[in-house]
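Asker: I have a structure I would like to understand better, so I am pasting it below and will then ask my questions one at a time.
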Amino acid sequence: MKNKRGIIGVVVLLIVIVGCAQPAVKRQPDLAEQYTAKAAEYEAKGDLIEALEQYRLAVTVDPENQLAQEKSAEIEQELNQRAEKHHEAGLEFHQKGQYGEARKEFLMALRCNPDHAEAKDMLTSASKEIEQVRRFIPHIIQPGETISTLADRYYGDYRKFHLIAEYNELEDATKVTVGEEI
């Protein structure tokens with residue numbers, strides 16, 4: 001009986017030891033290193049938005065990753081500068097009445113910096129004003145008329161031409177043709 005207990009004890013001990021043994025595993029690069037390497041690839045391709053995302057993931061996984069922290073800050077600054085340039089270009093197009101081009105620039109500003117408040121405002125402000133339109137008057141463009149002259153006639157303010165242009169989804173408020181109905 002004692003022999004059986006001794007044998008069972010040895011067998012259990014061997015099972016525990018063998019069960020706990022770890023097979024030799026080749027070391028994989030850690031997750032932060034993988035994110036950093038991927039970020040460097042995106043950066044080399046010029047895709048700073050994806051590079052920033054990968055560097056941020058590396059910092060999330062390894063908050064002590066100095067390279068990822070520095071690169072995140074550097075790329076974020078560059079993207080903020082690009083966002084501001086797109087916003088300014090959008091404002092120029094908007095002032096010229098080229099709303100399609102302005103919209104593209106504002107959207108690019110938001111792609112570079114999703115928190116760019118002024119670009120968001122420019123994309124949503126006209127939409128809010130247009131939503132308040134309760135009725136409209138169809139008008140056929142006559143010779144010599146522009147969107148500004150119509151804004152002056154119907155709104156009493158030529159500067160509200162953008163409302164007419166955006167409501168009618170005109171890409172360029174300066175390009176209306178005689179006989180066109182808006």
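Every chain in the structure tokens has a letter given in the order shown (A, B, ...), and although residue numbers restart at 1 in each chain, ligands are simply numbered from 1 in the order shown.
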Applying 12 Å and only C-alpha atoms, which residues near A:Glu70 remain after dropping the ones on its own chain fewer than 3 positions away? List them as a list in words.
Answerer: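 Selected residues are Thr36, Leu52, Tyr55, Arg56, Ala58, Val59, Pro63, Glu64, Asn65, Gln66, Leu67, Ala73, Glu74, Ile75, Glu76 and Gln77 of chain A.
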Asker: Would you please give, as a PyMOL selection string, all residues of chain A that DSSP assigns to helix (DSSP H, G or I) based on the backbone?
Answerer: chain A and resi 2-20+31-45+48-61+66-95+99-112+117-131+147-155+158-167
Asker: Neighbouring residues of stretch 172-175 of chain A were defined as those with any atom within 9 Å, considering only C-alpha atoms; residues of the same chain fewer than 3 positions away were excluded. Please report them as a PyMOL selection string.
Answerer: chain A and resi 96-101+146-148+161-162+164-166+169
Asker: Give me a file of those residues, with N, CA and C atoms, as a PDB file, in the first residue's frame.
Answerer:
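Saved as part.pdb:
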```pdb
ATOM      1  N   LYS A  96     -14.496  83.468 -52.326  1.00  0.00           N
ATOM      2  CA  LYS A  96     -14.658  83.613 -53.774  1.00  0.00           C
ATOM      3  C   LYS A  96     -15.954  82.979 -54.260  1.00  0.00           C
ATOM      4  N   GLY A  97     -16.673  82.310 -53.353  1.00  0.00           N
ATOM      5  CA  GLY A  97     -17.915  81.656 -53.741  1.00  0.00           C
ATOM      6  C   GLY A  97     -17.705  80.289 -54.353  1.00  0.00           C
ATOM      7  N   GLN A  98     -16.510  79.734 -54.226  1.00  0.00           N
ATOM      8  CA  GLN A  98     -16.216  78.410 -54.762  1.00  0.00           C
ATOM      9  C   GLN A  98     -16.396  77.387 -53.630  1.00  0.00           C
ATOM     10  N   TYR A  99     -17.654  77.036 -53.396  1.00  0.00           N
ATOM     11  CA  TYR A  99     -17.999  76.241 -52.225  1.00  0.00           C
ATOM     12  C   TYR A  99     -17.555  74.789 -52.304  1.00  0.00           C
ATOM     13  N   GLY A 100     -17.548  74.220 -53.472  1.00  0.00           N
ATOM     14  CA  GLY A 100     -17.081  72.842 -53.609  1.00  0.00           C
ATOM     15  C   GLY A 100     -15.621  72.717 -53.218  1.00  0.00           C
ATOM     16  N   GLU A 101     -14.810  73.634 -53.725  1.00  0.00           N
ATOM     17  CA  GLU A 101     -13.376  73.626 -53.383  1.00  0.00           C
ATOM     18  C   GLU A 101     -13.174  73.954 -51.906  1.00  0.00           C
ATOM     19  N   THR A 146     -26.393  88.124 -60.759  1.00  0.00           N
ATOM     20  CA  THR A 146     -25.441  87.248 -60.083  1.00  0.00           C
ATOM     21  C   THR A 146     -26.105  86.751 -58.813  1.00  0.00           C
ATOM     22  N   ILE A 147     -25.468  85.825 -58.167  1.00  0.00           N
ATOM     23  CA  ILE A 147     -25.998  85.327 -56.899  1.00  0.00           C
ATOM     24  C   ILE A 147     -26.015  86.462 -55.867  1.00  0.00           C
ATOM     25  N   SER A 148     -25.039  87.347 -55.932  1.00  0.00           N
ATOM     26  CA  SER A 148     -24.999  88.481 -54.997  1.00  0.00           C
ATOM     27  C   SER A 148     -26.174  89.428 -55.204  1.00  0.00           C
ATOM     28  N   PHE A 161     -25.074  85.788 -50.310  1.00  0.00           N
ATOM     29  CA  PHE A 161     -25.087  85.014 -51.552  1.00  0.00           C
ATOM     30  C   PHE A 161     -24.740  83.554 -51.300  1.00  0.00           C
ATOM     31  N   HIS A 162     -23.936  83.308 -50.258  1.00  0.00           N
ATOM     32  CA  HIS A 162     -23.529  81.931 -49.976  1.00  0.00           C
ATOM     33  C   HIS A 162     -24.723  81.042 -49.619  1.00  0.00           C
ATOM     34  N   ILE A 164     -27.761  81.200 -50.927  1.00  0.00           N
ATOM     35  CA  ILE A 164     -28.397  80.809 -52.193  1.00  0.00           C
ATOM     36  C   ILE A 164     -27.541  79.757 -52.895  1.00  0.00           C
ATOM     37  N   ALA A 165     -26.232  79.998 -52.924  1.00  0.00           N
ATOM     38  CA  ALA A 165     -25.332  79.069 -53.608  1.00  0.00           C
ATOM     39  C   ALA A 165     -25.339  77.700 -52.940  1.00  0.00           C
ATOM     40  N   GLU A 166     -25.260  77.675 -51.639  1.00  0.00           N
ATOM     41  CA  GLU A 166     -25.209  76.393 -50.946  1.00  0.00           C
ATOM     42  C   GLU A 166     -26.558  75.689 -50.972  1.00  0.00           C
ATOM     43  N   GLU A 169     -26.804  74.022 -54.107  1.00  0.00           N
ATOM     44  CA  GLU A 169     -25.659  73.132 -54.307  1.00  0.00           C
ATOM     45  C   GLU A 169     -24.807  73.543 -55.502  1.00  0.00           C
TER      46      GLU A 169
END
```
Asker: Measure the distance from atom CA of A:Phe106 to atom CA of A:Gly90 in Å and round it to one decimal.
Answerer: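 Atom CA of A:Gly90 lies 5.6 Å from atom CA of A:Phe106.
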Asker: For a test of reading the model, state the distance in Å between atom CA of A:Glu118 and atom CA of A:Ser72, rounded to one decimal.
Answerer: 23.2 Å
Asker: Given the choices A:Lys38, A:His86, A:Ala32, A:Glu145, which gets closest to A:Gln69 if the distance is worked out from only C-alpha atoms?
Answerer: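 Going through A:Lys38, A:His86, A:Ala32, A:Glu145 one by one, the smallest distance to A:Gln69 is for A:Ala32.
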Asker: Could you check the closest approach to A:Ala119 for each of A:Gln95, A:His139, A:Glu84, A:Ala44 and tell me which residue wins, using only C-alpha atoms?
Answerer: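 Ranked by minimum distance to A:Ala119, first place goes to A:Glu84.
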